[in-house]
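Data first, discussion second: the structure below is written as structure tokens.
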Amino acid sequence: LMTIATADIDNKLFLPKNDEARKWLAYDDMQNILYIEEASHTKLSVMEFMAKLDRMNLSYVTEQVPYDQLQALYAEGPSDVRDRSKIQKYAVELIENAVKQHASDIHIIVEAKKTEIKYRLLGRLEKLKGSNDQTFGIELLRTIYGTMTDNSDTYFKEGAKQDARIKASFVESCGLHGGRIATTPTDDGILMVIRLFYPSGDVEPDLAELGYSPDQVASLKKMLLKTSGILVLSGITGSGQTTSLEKMMKIMISQSEGRKHYLTIENPPENGIPGANQTPIICEDFDDDEQLSIAWAKSLSNALRLDPDVIMVGEVRDLNSAQASTQAGRTGHLGLTTVHTYDAVSILDRLIFDMKLTPSQLLNHRLVIGLVNQSLVPILCDHCKIPLTRDSSLLSADEFSRLDAVIPQNEQSDICV
């Protein structure tokens, strides 16, 4: 959401609709940005307007934009600063409340007649009570994207997919390490998803805290003692693979006492890992799959020249990143990464059939040191859960049959639902 001073009749910088200068410039006095039509920076009206800003002792930056984008700023119309402030306050409180509940994501769904907001808690989406109309939702998205992010685009576009990061000032005030925003148009509205990244609070990182059994923790720690090869974690989106990788990195960093070089490649770096050099993917257009794929490959190639002992790759997403990750494992480095699949065996299918790696590479036990799959299981409320009994109507006969297959009947009395 912007306050275009040149469109606000009550502002000293107002330009009437018939003023020729509107074709060449627009001034946003909330973010102190002077937008100039990309071929018009030498026009007299532009230079005169800049001189006026200087006389008013206003500090500003200039940004050259296409003509249609400039006119779109005027089409959005001026906004009331007080309303914008209220909406921004609401957005901050929305994020702060999500942080209190340790939500991983916030979903803002703007539809034709309403706006809904949901938090992802322990893998499940929980809808916030109440709803707002479409107009409020649009203003909320514009405010978040236009005033609370470091973005490559200059304003929120309702009909386009956009990505951005929450500004450091808002991140710190909300108690986060970082925040990433993605938007997309839907068939009858807009969806914005805010991914929340939390600061590291681990003194003694413990995989058991994530739900791994003692035997599983022992197996994972044995894998982490390897000095080369790759360990691949899988799960559906939002299953916490990145969190597990970060725990593993912290365990290794703690054990090495600074004697090894730990490097991460992420898009973007998410939670902080003290003791590791966390590097972002550098790409001119993150919406271009081909450019992004090449950027991943370049980052991994560059990483191998930075003398790492351990490389954590945020995600293997295509042939380029898959080949680079296996190259790291073959050249005396320990590599940790993630793949989106629904079980551990499917990791091989995904790498071989989807990403075109050769079976001979992946069936080498010296290269692939571990395949791990994880899923989030909802935690039952201590006040609401009840013991499960055989005569319970809460489970169907088919569900009891599945339960019998994995848990002996004499142990089922400890189960709650």
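Labels used: A, B, ... for chains in the order of the structure tokens, numbers from 1 for residues in each chain, and numbers from 1 for ligands as shown.
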Open item on the list: Can you tell me which residues surround stretch 178-182 of chain A at a distance of at most 8 Å, considering only C-alpha atoms, apart from same-chain residues fewer than 2 positions away, and format the answer as a PyMOL selection string?
Closed with: chain A and resi 161-166+168+171+176+184+192-198+270-271
Please identify all polymer residues within 9 Å of A:Glu38, counting only C-alpha atoms, omitting same-chain residues fewer than 5 positions from it, and present them as a list in words.
->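 Contacts, in chain order: Trp24, Glu63, Gln64, Val65, Pro66 and Tyr67 of chain A.
Going from atom CA of A:Met252 to atom CA of A:Asn364 covers 23.9 Å.
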*Residue neighbourhood stretch 326-334 of chain A, 10 Å, only C-alpha atoms, exclusion window fewer than 5 positions, as an MDAnalysis selection string*: chainID A and resid 223:231 262 300:301 303:304 307:312 321 357 361:362 366:369
**Message:** For a quick check of understanding, using only C-alpha atoms, which of A:Asp287, A:Glu315, A:Glu116, A:Glu246 has the smallest distance to A:Pro268?
**Reply:**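 When distances to A:Pro268 are compared using only C-alpha atoms, the smallest one comes from A:Glu315.
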Review point. Quick one: distance from atom CA of A:Pro185 to atom CA of A:Leu121 in Å, one decimal?
Key: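 Separation of atom CA of A:Pro185 and atom CA of A:Leu121: 24.2 Å.
Closest approach to A:Thr243 among A:Glu172, A:Glu93, A:Asp10, A:Asp206: A:Asp206, based on only C-alpha atoms.
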10 Å contact set for A:Val377, only C-alpha atoms, chain neighbours under 2 positions out, as a ChimeraX atom specification = /A:122-124,211,239,374-375,379-380
Write a file of the just-selected residues containing N, CA, C and O atoms, as a CSV table (one decimal), in the first residue's frame.
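Result went into part20.csv, see below:
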chain,number,residue,atom,x,y,z
A,122,LEU,N,2.0,-27.5,13.6
A,122,LEU,CA,2.3,-28.9,13.6
A,122,LEU,C,1.8,-29.6,12.4
A,122,LEU,O,1.2,-30.7,12.4
A,123,GLY,N,1.9,-28.9,11.2
A,123,GLY,CA,1.6,-29.5,10.0
A,123,GLY,C,0.2,-29.4,9.5
A,123,GLY,O,-0.2,-29.6,8.4
A,124,ARG,N,-0.7,-28.9,10.4
A,124,ARG,CA,-2.1,-28.7,10.1
A,124,ARG,C,-2.5,-27.3,10.0
A,124,ARG,O,-2.0,-26.4,10.8
A,211,GLY,N,11.3,-36.0,17.9
A,211,GLY,CA,10.4,-37.2,17.9
A,211,GLY,C,11.1,-38.5,17.4
A,211,GLY,O,10.5,-39.5,17.4
A,239,SER,N,7.1,-30.8,6.4
A,239,SER,CA,7.3,-31.9,7.3
A,239,SER,C,8.5,-31.6,8.3
A,239,SER,O,8.8,-32.5,9.1
A,374,GLN,N,10.6,-38.4,7.1
A,374,GLN,CA,9.9,-38.0,8.3
A,374,GLN,C,8.6,-37.3,8.0
A,374,GLN,O,8.4,-36.7,6.9
A,375,SER,N,7.6,-37.5,8.9
A,375,SER,CA,6.3,-36.9,8.8
A,375,SER,C,6.0,-36.2,10.1
A,375,SER,O,6.4,-36.7,11.2
A,379,ILE,N,0.1,-33.3,17.9
A,379,ILE,CA,0.2,-33.6,19.3
A,379,ILE,C,-1.2,-33.5,19.9
A,379,ILE,O,-1.9,-32.5,19.7
A,380,LEU,N,-1.6,-34.5,20.7
A,380,LEU,CA,-2.9,-34.4,21.3
A,380,LEU,C,-3.0,-33.4,22.5
A,380,LEU,O,-2.0,-33.3,23.2
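Checking A:Asn410, A:Ser256, A:Thr149, A:Ser59 one by one against A:Ile33, counting only C-alpha atoms, you find the shortest gap at A:Ser59.
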| field | All helix (DSSP H, G or I) positions in stretch 100-271 of chain A, as a count of residues only | value | 52
Rank nothing, just name the residue among A:Val232, A:Ala344, A:Leu191, A:Val217 nearest to A:Glu111, using only C-alpha atoms.
->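 Of all the options, A:Leu191 lies closest to A:Glu111.
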Students should find that atom CA of A:Leu44 and atom CA of A:Leu73 are spaced 21.4 Å
Please provide as a PDB file with all heavy atoms, in the first residue's frame all residues within 12 Å of A:Val372, with the sequence filter that same-chain residues fewer than 5 positions apart are discarded (counting only C-alpha atoms).
ATOM      1  N   TYR A 212      12.431 -38.386  17.146  1.00  0.00           N
ATOM      2  CA  TYR A 212      13.181 -39.581  16.768  1.00  0.00           C
ATOM      3  C   TYR A 212      13.398 -40.463  17.991  1.00  0.00           C
ATOM      4  O   TYR A 212      13.632 -39.973  19.096  1.00  0.00           O
ATOM      5  CB  TYR A 212      14.536 -39.202  16.163  1.00  0.00           C
ATOM      6  CG  TYR A 212      14.451 -38.663  14.746  1.00  0.00           C
ATOM      7  CD1 TYR A 212      14.535 -37.296  14.484  1.00  0.00           C
ATOM      8  CD2 TYR A 212      14.293 -39.524  13.665  1.00  0.00           C
ATOM      9  CE1 TYR A 212      14.456 -36.799  13.196  1.00  0.00           C
ATOM     10  CE2 TYR A 212      14.222 -39.050  12.371  1.00  0.00           C
ATOM     11  CZ  TYR A 212      14.299 -37.685  12.135  1.00  0.00           C
ATOM     12  OH  TYR A 212      14.228 -37.207  10.855  1.00  0.00           O
ATOM     13  N   GLN A 216      16.922 -44.498  16.457  1.00  0.00           N
ATOM     14  CA  GLN A 216      17.028 -43.651  15.269  1.00  0.00           C
ATOM     15  C   GLN A 216      18.064 -42.555  15.470  1.00  0.00           C
ATOM     16  O   GLN A 216      18.844 -42.255  14.564  1.00  0.00           O
ATOM     17  CB  GLN A 216      15.664 -43.049  14.937  1.00  0.00           C
ATOM     18  CG  GLN A 216      14.644 -44.069  14.453  1.00  0.00           C
ATOM     19  CD  GLN A 216      13.239 -43.509  14.379  1.00  0.00           C
ATOM     20  OE1 GLN A 216      12.899 -42.542  15.077  1.00  0.00           O
ATOM     21  NE2 GLN A 216      12.399 -44.090  13.537  1.00  0.00           N
ATOM     22  N   VAL A 217      18.089 -41.962  16.662  1.00  0.00           N
ATOM     23  CA  VAL A 217      19.087 -40.926  16.961  1.00  0.00           C
ATOM     24  C   VAL A 217      20.489 -41.502  16.856  1.00  0.00           C
ATOM     25  O   VAL A 217      21.396 -40.883  16.287  1.00  0.00           O
ATOM     26  CB  VAL A 217      18.846 -40.322  18.367  1.00  0.00           C
ATOM     27  CG1 VAL A 217      20.012 -39.421  18.760  1.00  0.00           C
ATOM     28  CG2 VAL A 217      17.543 -39.540  18.401  1.00  0.00           C
ATOM     29  N   SER A 219      21.476 -44.051  15.060  1.00  0.00           N
ATOM     30  CA  SER A 219      21.796 -44.310  13.652  1.00  0.00           C
ATOM     31  C   SER A 219      22.158 -43.020  12.921  1.00  0.00           C
ATOM     32  O   SER A 219      23.114 -42.974  12.139  1.00  0.00           O
ATOM     33  CB  SER A 219      20.606 -44.978  12.958  1.00  0.00           C
ATOM     34  OG  SER A 219      20.340 -46.246  13.513  1.00  0.00           O
ATOM     35  N   LEU A 220      21.398 -41.958  13.183  1.00  0.00           N
ATOM     36  CA  LEU A 220      21.672 -40.682  12.527  1.00  0.00           C
ATOM     37  C   LEU A 220      23.024 -40.116  12.940  1.00  0.00           C
ATOM     38  O   LEU A 220      23.797 -39.629  12.109  1.00  0.00           O
ATOM     39  CB  LEU A 220      20.559 -39.677  12.846  1.00  0.00           C
ATOM     40  CG  LEU A 220      19.220 -39.934  12.154  1.00  0.00           C
ATOM     41  CD1 LEU A 220      18.130 -39.049  12.743  1.00  0.00           C
ATOM     42  CD2 LEU A 220      19.330 -39.672  10.651  1.00  0.00           C
ATOM     43  N   MET A 223      25.753 -41.793  11.133  1.00  0.00           N
ATOM     44  CA  MET A 223      25.897 -41.275   9.766  1.00  0.00           C
ATOM     45  C   MET A 223      26.657 -39.952   9.760  1.00  0.00           C
ATOM     46  O   MET A 223      27.453 -39.685   8.856  1.00  0.00           O
ATOM     47  CB  MET A 223      24.515 -41.072   9.131  1.00  0.00           C
ATOM     48  CG  MET A 223      23.699 -42.324   8.934  1.00  0.00           C
ATOM     49  SD  MET A 223      22.061 -41.916   8.246  1.00  0.00           S
ATOM     50  CE  MET A 223      21.136 -43.398   8.676  1.00  0.00           C
ATOM     51  N   ILE A 230      26.551 -38.587   0.910  1.00  0.00           N
ATOM     52  CA  ILE A 230      25.392 -37.715   1.061  1.00  0.00           C
ATOM     53  C   ILE A 230      24.310 -38.386   1.913  1.00  0.00           C
ATOM     54  O   ILE A 230      24.091 -39.593   1.832  1.00  0.00           O
ATOM     55  CB  ILE A 230      24.784 -37.300  -0.305  1.00  0.00           C
ATOM     56  CG1 ILE A 230      24.359 -38.517  -1.126  1.00  0.00           C
ATOM     57  CG2 ILE A 230      25.740 -36.429  -1.074  1.00  0.00           C
ATOM     58  CD1 ILE A 230      23.578 -38.148  -2.385  1.00  0.00           C
ATOM     59  N   LEU A 231      23.680 -37.583   2.749  1.00  0.00           N
ATOM     60  CA  LEU A 231      22.556 -38.001   3.575  1.00  0.00           C
ATOM     61  C   LEU A 231      21.346 -37.210   3.091  1.00  0.00           C
ATOM     62  O   LEU A 231      21.372 -35.979   3.053  1.00  0.00           O
ATOM     63  CB  LEU A 231      22.835 -37.700   5.042  1.00  0.00           C
ATOM     64  CG  LEU A 231      21.676 -37.859   6.033  1.00  0.00           C
ATOM     65  CD1 LEU A 231      21.176 -39.298   6.060  1.00  0.00           C
ATOM     66  CD2 LEU A 231      22.099 -37.425   7.432  1.00  0.00           C
ATOM     67  N   VAL A 232      20.280 -37.922   2.695  1.00  0.00           N
ATOM     68  CA  VAL A 232      19.119 -37.272   2.098  1.00  0.00           C
ATOM     69  C   VAL A 232      17.905 -37.464   3.000  1.00  0.00           C
ATOM     70  O   VAL A 232      17.562 -38.595   3.364  1.00  0.00           O
ATOM     71  CB  VAL A 232      18.807 -37.835   0.696  1.00  0.00           C
ATOM     72  CG1 VAL A 232      17.685 -37.026   0.042  1.00  0.00           C
ATOM     73  CG2 VAL A 232      20.047 -37.822  -0.173  1.00  0.00           C
ATOM     74  N   LEU A 233      17.266 -36.342   3.363  1.00  0.00           N
ATOM     75  CA  LEU A 233      16.018 -36.377   4.120  1.00  0.00           C
ATOM     76  C   LEU A 233      14.856 -36.090   3.179  1.00  0.00           C
ATOM     77  O   LEU A 233      14.975 -35.249   2.286  1.00  0.00           O
ATOM     78  CB  LEU A 233      16.026 -35.328   5.230  1.00  0.00           C
ATOM     79  CG  LEU A 233      16.510 -35.790   6.610  1.00  0.00           C
ATOM     80  CD1 LEU A 233      18.002 -36.029   6.576  1.00  0.00           C
ATOM     81  CD2 LEU A 233      16.147 -34.767   7.670  1.00  0.00           C
ATOM     82  N   SER A 234      13.746 -36.786   3.407  1.00  0.00           N
ATOM     83  CA  SER A 234      12.578 -36.555   2.569  1.00  0.00           C
ATOM     84  C   SER A 234      11.338 -36.377   3.426  1.00  0.00           C
ATOM     85  O   SER A 234      11.332 -36.636   4.630  1.00  0.00           O
ATOM     86  CB  SER A 234      12.367 -37.731   1.600  1.00  0.00           C
ATOM     87  OG  SER A 234      11.885 -38.877   2.285  1.00  0.00           O
ATOM     88  N   GLY A 235      10.280 -35.956   2.774  1.00  0.00           N
ATOM     89  CA  GLY A 235       8.993 -35.736   3.425  1.00  0.00           C
ATOM     90  C   GLY A 235       8.172 -34.833   2.545  1.00  0.00           C
ATOM     91  O   GLY A 235       8.699 -34.195   1.635  1.00  0.00           O
ATOM     92  N   GLN A 241      11.841 -31.120   7.387  1.00  0.00           N
ATOM     93  CA  GLN A 241      13.152 -31.656   7.006  1.00  0.00           C
ATOM     94  C   GLN A 241      14.270 -30.652   7.235  1.00  0.00           C
ATOM     95  O   GLN A 241      15.354 -31.012   7.706  1.00  0.00           O
ATOM     96  CB  GLN A 241      13.148 -32.070   5.514  1.00  0.00           C
ATOM     97  CG  GLN A 241      12.040 -33.006   5.109  1.00  0.00           C
ATOM     98  CD  GLN A 241      10.888 -32.260   4.476  1.00  0.00           C
ATOM     99  OE1 GLN A 241      10.314 -31.363   5.089  1.00  0.00           O
ATOM    100  NE2 GLN A 241      10.536 -32.605   3.250  1.00  0.00           N
ATOM    101  N   SER A 244      15.307 -30.529  10.803  1.00  0.00           N
ATOM    102  CA  SER A 244      16.129 -31.685  11.169  1.00  0.00           C
ATOM    103  C   SER A 244      17.559 -31.519  10.664  1.00  0.00           C
ATOM    104  O   SER A 244      18.518 -31.833  11.378  1.00  0.00           O
ATOM    105  CB  SER A 244      15.518 -32.977  10.611  1.00  0.00           C
ATOM    106  OG  SER A 244      14.272 -33.243  11.210  1.00  0.00           O
ATOM    107  N   LEU A 245      17.693 -31.021   9.419  1.00  0.00           N
ATOM    108  CA  LEU A 245      19.041 -30.791   8.883  1.00  0.00           C
ATOM    109  C   LEU A 245      19.802 -29.794   9.744  1.00  0.00           C
ATOM    110  O   LEU A 245      21.003 -29.961  10.009  1.00  0.00           O
ATOM    111  CB  LEU A 245      18.958 -30.271   7.448  1.00  0.00           C
ATOM    112  CG  LEU A 245      18.702 -31.272   6.332  1.00  0.00           C
ATOM    113  CD1 LEU A 245      18.867 -30.587   4.983  1.00  0.00           C
ATOM    114  CD2 LEU A 245      19.633 -32.463   6.417  1.00  0.00           C
ATOM    115  N   LEU A 336      24.535 -32.882   3.082  1.00  0.00           N
ATOM    116  CA  LEU A 336      23.201 -33.096   3.644  1.00  0.00           C
ATOM    117  C   LEU A 336      22.204 -32.314   2.807  1.00  0.00           C
ATOM    118  O   LEU A 336      22.448 -31.143   2.480  1.00  0.00           O
ATOM    119  CB  LEU A 336      23.120 -32.621   5.098  1.00  0.00           C
ATOM    120  CG  LEU A 336      23.764 -33.467   6.193  1.00  0.00           C
ATOM    121  CD1 LEU A 336      25.287 -33.364   6.123  1.00  0.00           C
ATOM    122  CD2 LEU A 336      23.299 -33.019   7.568  1.00  0.00           C
ATOM    123  N   THR A 337      21.089 -32.950   2.457  1.00  0.00           N
ATOM    124  CA  THR A 337      20.114 -32.257   1.635  1.00  0.00           C
ATOM    125  C   THR A 337      18.731 -32.848   1.828  1.00  0.00           C
ATOM    126  O   THR A 337      18.552 -33.815   2.571  1.00  0.00           O
ATOM    127  CB  THR A 337      20.514 -32.301   0.146  1.00  0.00           C
ATOM    128  OG1 THR A 337      19.674 -31.413  -0.594  1.00  0.00           O
ATOM    129  CG2 THR A 337      20.389 -33.706  -0.418  1.00  0.00           C
ATOM    130  N   THR A 338      17.722 -32.245   1.156  1.00  0.00           N
ATOM    131  CA  THR A 338      16.341 -32.710   1.264  1.00  0.00           C
ATOM    132  C   THR A 338      15.739 -32.918  -0.122  1.00  0.00           C
ATOM    133  O   THR A 338      16.155 -32.302  -1.109  1.00  0.00           O
ATOM    134  CB  THR A 338      15.451 -31.709   2.028  1.00  0.00           C
ATOM    135  OG1 THR A 338      15.289 -30.519   1.243  1.00  0.00           O
ATOM    136  CG2 THR A 338      16.048 -31.362   3.376  1.00  0.00           C
ATOM    137  N   VAL A 339      14.743 -33.793  -0.166  1.00  0.00           N
ATOM    138  CA  VAL A 339      13.962 -34.042  -1.377  1.00  0.00           C
ATOM    139  C   VAL A 339      12.508 -34.182  -0.946  1.00  0.00           C
ATOM    140  O   VAL A 339      12.228 -34.725   0.127  1.00  0.00           O
ATOM    141  CB  VAL A 339      14.422 -35.332  -2.084  1.00  0.00           C
ATOM    142  CG1 VAL A 339      13.488 -35.666  -3.249  1.00  0.00           C
ATOM    143  CG2 VAL A 339      15.834 -35.208  -2.608  1.00  0.00           C
ATOM    144  N   HIS A 340      11.584 -33.710  -1.754  1.00  0.00           N
ATOM    145  CA  HIS A 340      10.163 -33.843  -1.430  1.00  0.00           C
ATOM    146  C   HIS A 340       9.631 -35.179  -1.945  1.00  0.00           C
ATOM    147  O   HIS A 340       9.424 -35.356  -3.147  1.00  0.00           O
ATOM    148  CB  HIS A 340       9.358 -32.688  -2.033  1.00  0.00           C
ATOM    149  CG  HIS A 340       9.562 -31.394  -1.320  1.00  0.00           C
ATOM    150  ND1 HIS A 340       9.469 -30.171  -1.931  1.00  0.00           N
ATOM    151  CD2 HIS A 340       9.863 -31.129  -0.034  1.00  0.00           C
ATOM    152  CE1 HIS A 340       9.701 -29.202  -1.052  1.00  0.00           C
ATOM    153  NE2 HIS A 340       9.947 -29.761   0.098  1.00  0.00           N
ATOM    154  N   THR A 341       9.429 -36.137  -1.048  1.00  0.00           N
ATOM    155  CA  THR A 341       8.788 -37.411  -1.362  1.00  0.00           C
ATOM    156  C   THR A 341       7.991 -37.845  -0.142  1.00  0.00           C
ATOM    157  O   THR A 341       8.071 -37.224   0.921  1.00  0.00           O
ATOM    158  CB  THR A 341       9.815 -38.515  -1.692  1.00  0.00           C
ATOM    159  OG1 THR A 341      10.613 -38.780  -0.531  1.00  0.00           O
ATOM    160  CG2 THR A 341      10.723 -38.127  -2.844  1.00  0.00           C
ATOM    161  N   TYR A 342       7.224 -38.924  -0.280  1.00  0.00           N
ATOM    162  CA  TYR A 342       6.374 -39.360   0.819  1.00  0.00           C
ATOM    163  C   TYR A 342       6.937 -40.546   1.599  1.00  0.00           C
ATOM    164  O   TYR A 342       6.358 -40.969   2.595  1.00  0.00           O
ATOM    165  CB  TYR A 342       4.964 -39.703   0.309  1.00  0.00           C
ATOM    166  CG  TYR A 342       4.941 -40.582  -0.924  1.00  0.00           C
ATOM    167  CD1 TYR A 342       5.097 -41.958  -0.837  1.00  0.00           C
ATOM    168  CD2 TYR A 342       4.765 -40.023  -2.180  1.00  0.00           C
ATOM    169  CE1 TYR A 342       5.083 -42.760  -1.954  1.00  0.00           C
ATOM    170  CE2 TYR A 342       4.753 -40.815  -3.313  1.00  0.00           C
ATOM    171  CZ  TYR A 342       4.908 -42.184  -3.199  1.00  0.00           C
ATOM    172  OH  TYR A 342       4.905 -42.964  -4.324  1.00  0.00           O
ATOM    173  N   ASP A 343       8.058 -41.146   1.151  1.00  0.00           N
ATOM    174  CA  ASP A 343       8.732 -42.164   1.962  1.00  0.00           C
ATOM    175  C   ASP A 343      10.187 -42.254   1.534  1.00  0.00           C
ATOM    176  O   ASP A 343      10.601 -41.694   0.512  1.00  0.00           O
ATOM    177  CB  ASP A 343       8.039 -43.539   1.881  1.00  0.00           C
ATOM    178  CG  ASP A 343       7.981 -44.097   0.464  1.00  0.00           C
ATOM    179  OD1 ASP A 343       8.952 -43.929  -0.292  1.00  0.00           O
ATOM    180  OD2 ASP A 343       6.944 -44.697   0.122  1.00  0.00           O
ATOM    181  N   ALA A 344      10.999 -42.972   2.329  1.00  0.00           N
ATOM    182  CA  ALA A 344      12.438 -43.001   2.096  1.00  0.00           C
ATOM    183  C   ALA A 344      12.802 -43.699   0.789  1.00  0.00           C
ATOM    184  O   ALA A 344      13.698 -43.266   0.063  1.00  0.00           O
ATOM    185  CB  ALA A 344      13.138 -43.685   3.273  1.00  0.00           C
ATOM    186  N   VAL A 345      12.107 -44.798   0.473  1.00  0.00           N
ATOM    187  CA  VAL A 345      12.415 -45.536  -0.760  1.00  0.00           C
ATOM    188  C   VAL A 345      12.167 -44.666  -1.986  1.00  0.00           C
ATOM    189  O   VAL A 345      12.891 -44.749  -2.984  1.00  0.00           O
ATOM    190  CB  VAL A 345      11.568 -46.832  -0.829  1.00  0.00           C
ATOM    191  CG1 VAL A 345      11.806 -47.553  -2.150  1.00  0.00           C
ATOM    192  CG2 VAL A 345      11.918 -47.754   0.339  1.00  0.00           C
ATOM    193  N   SER A 346      11.169 -43.804  -1.901  1.00  0.00           N
ATOM    194  CA  SER A 346      10.835 -42.948  -3.047  1.00  0.00           C
ATOM    195  C   SER A 346      11.909 -41.911  -3.339  1.00  0.00           C
ATOM    196  O   SER A 346      11.892 -41.285  -4.402  1.00  0.00           O
ATOM    197  CB  SER A 346       9.495 -42.241  -2.810  1.00  0.00           C
ATOM    198  OG  SER A 346       8.446 -43.165  -2.680  1.00  0.00           O
ATOM    199  N   ILE A 347      12.841 -41.716  -2.412  1.00  0.00           N
ATOM    200  CA  ILE A 347      13.948 -40.796  -2.677  1.00  0.00           C
ATOM    201  C   ILE A 347      14.713 -41.256  -3.902  1.00  0.00           C
ATOM    202  O   ILE A 347      15.066 -40.466  -4.794  1.00  0.00           O
ATOM    203  CB  ILE A 347      14.896 -40.692  -1.459  1.00  0.00           C
ATOM    204  CG1 ILE A 347      14.165 -40.081  -0.261  1.00  0.00           C
ATOM    205  CG2 ILE A 347      16.133 -39.867  -1.810  1.00  0.00           C
ATOM    206  CD1 ILE A 347      14.991 -40.084   1.014  1.00  0.00           C
ATOM    207  N   LEU A 348      14.989 -42.574  -3.967  1.00  0.00           N
ATOM    208  CA  LEU A 348      15.729 -43.113  -5.108  1.00  0.00           C
ATOM    209  C   LEU A 348      14.925 -42.956  -6.394  1.00  0.00           C
ATOM    210  O   LEU A 348      15.476 -42.580  -7.433  1.00  0.00           O
ATOM    211  CB  LEU A 348      16.065 -44.585  -4.867  1.00  0.00           C
ATOM    212  CG  LEU A 348      17.015 -44.865  -3.697  1.00  0.00           C
ATOM    213  CD1 LEU A 348      17.208 -46.359  -3.502  1.00  0.00           C
ATOM    214  CD2 LEU A 348      18.367 -44.191  -3.918  1.00  0.00           C
TER     215      LEU A 348
END
- Message: Let's see if you can do this: from backbone DSSP, list all strand (DSSP E or B) residues in stretch 128-194 of chain A, as a ChimeraX atom specification.
- Response: /A:132,149-151,162-166,178-185,190-194
Once you have the residues from the selection above, write them out as a short mmCIF file (atom, residue, chain, number, x, y, z; two decimals), in the first residue's frame, restricted to C-alpha atoms.
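selection-v3.cif was written with the following content:
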data_model
loop_
_atom_site.label_atom_id
_atom_site.label_comp_id
_atom_site.auth_asym_id
_atom_site.auth_seq_id
_atom_site.Cartn_x
_atom_site.Cartn_y
_atom_site.Cartn_z
CA ASN A 132 -13.00 -9.91 6.76
CA THR A 149 9.26 -6.35 2.81
CA ASP A 150 12.52 -6.04 0.92
CA ASN A 151 11.15 -6.79 -2.54
CA GLN A 162 5.64 -12.43 -6.38
CA ASP A 163 8.22 -13.30 -3.74
CA ALA A 164 9.79 -11.13 -1.05
CA ARG A 165 11.44 -11.16 2.37
CA ILE A 166 10.14 -9.45 5.50
CA GLY A 178 13.51 -14.25 9.04
CA GLY A 179 10.34 -14.37 6.99
CA ARG A 180 9.62 -15.21 3.37
CA ILE A 181 6.53 -14.20 1.41
CA ALA A 182 5.07 -15.78 -1.72
CA THR A 183 1.90 -14.67 -3.52
CA THR A 184 -0.13 -16.03 -6.40
CA PRO A 185 -3.44 -15.20 -8.06
CA ILE A 190 -5.24 -14.03 -4.23
CA LEU A 191 -3.19 -16.23 -1.89
CA MET A 192 -0.27 -14.97 0.20
CA VAL A 193 1.80 -17.40 2.29
CA ILE A 194 4.27 -16.11 4.88
#
Test item: residues at most 12 Å from stretch 52-58 of chain A, only C-alpha atoms, excluding those fewer than 3 positions along its chain, as a compact mmCIF listing (two decimals) with N, CA and C atoms, in the first residue's frame:
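Everything below was put into around02.txt:
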# COMPACT_ATOMS: atom_id res chain seq x y z
N ALA A 5 2.05 10.79 -3.19
CA ALA A 5 1.88 12.22 -2.87
C ALA A 5 1.44 13.01 -4.09
N THR A 6 1.93 12.60 -5.25
CA THR A 6 1.60 13.34 -6.48
C THR A 6 0.16 13.12 -6.91
N LYS A 12 1.45 18.69 -0.54
CA LYS A 12 2.16 19.80 -1.19
C LYS A 12 2.79 19.39 -2.52
N LEU A 13 2.94 18.07 -2.73
CA LEU A 13 3.56 17.58 -3.96
C LEU A 13 2.52 17.15 -5.00
N PHE A 14 1.25 17.48 -4.76
CA PHE A 14 0.17 17.05 -5.63
C PHE A 14 0.35 17.56 -7.06
N TYR A 27 5.54 10.11 -6.96
CA TYR A 27 6.33 10.13 -5.72
C TYR A 27 5.57 9.45 -4.59
N ASP A 28 6.19 8.42 -4.02
CA ASP A 28 5.65 7.69 -2.87
C ASP A 28 6.30 8.27 -1.61
N ASP A 29 5.52 9.05 -0.84
CA ASP A 29 6.14 9.71 0.32
C ASP A 29 6.10 8.85 1.58
N MET A 30 5.61 7.60 1.50
CA MET A 30 5.73 6.69 2.63
C MET A 30 7.09 6.00 2.60
N GLN A 31 7.54 5.63 1.41
CA GLN A 31 8.83 4.95 1.27
C GLN A 31 9.90 5.87 0.70
N ASN A 32 9.51 7.13 0.42
CA ASN A 32 10.45 8.13 -0.12
C ASN A 32 11.13 7.64 -1.40
N ILE A 33 10.28 7.20 -2.33
CA ILE A 33 10.77 6.74 -3.63
C ILE A 33 10.17 7.62 -4.72
N LEU A 34 11.02 8.13 -5.58
CA LEU A 34 10.56 8.89 -6.74
C LEU A 34 10.63 7.96 -7.95
N SER A 45 10.40 18.60 -16.61
CA SER A 45 9.43 18.49 -15.51
C SER A 45 9.95 17.56 -14.42
N VAL A 46 10.71 16.54 -14.81
CA VAL A 46 11.28 15.62 -13.82
C VAL A 46 12.37 16.33 -13.01
N MET A 47 13.24 17.04 -13.70
CA MET A 47 14.33 17.74 -13.00
C MET A 47 13.77 18.83 -12.10
N GLU A 48 12.71 19.52 -12.53
CA GLU A 48 12.09 20.55 -11.69
C GLU A 48 11.48 19.94 -10.43
N PHE A 49 10.85 18.76 -10.58
CA PHE A 49 10.25 18.11 -9.43
C PHE A 49 11.33 17.66 -8.44
N VAL A 61 15.04 8.21 -2.86
CA VAL A 61 15.78 7.46 -3.87
C VAL A 61 14.94 7.46 -5.14
N THR A 62 15.59 7.31 -6.29
CA THR A 62 14.87 7.27 -7.55
C THR A 62 14.85 5.84 -8.09
Near A:Gly258, counting only C-alpha atoms, which residues have an atom at most 10 Å away, once you skip same-chain residues fewer than 5 positions from it, shown as a PyMOL selection string? chain A and resi 252-253+275-276
Which residue out of A:Val110, A:Ala322, A:Leu128, A:Ile95 has the minimum interatomic distance to A:Glu158 when only C-alpha atoms are used?
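Smallest distance to A:Glu158 is found for A:Val110.
For the choices A:Glu37, A:Glu411, A:Asp318, A:Asp133, the atom-to-atom distance to A:Ala297 is smallest for A:Asp318 when using only C-alpha atoms.
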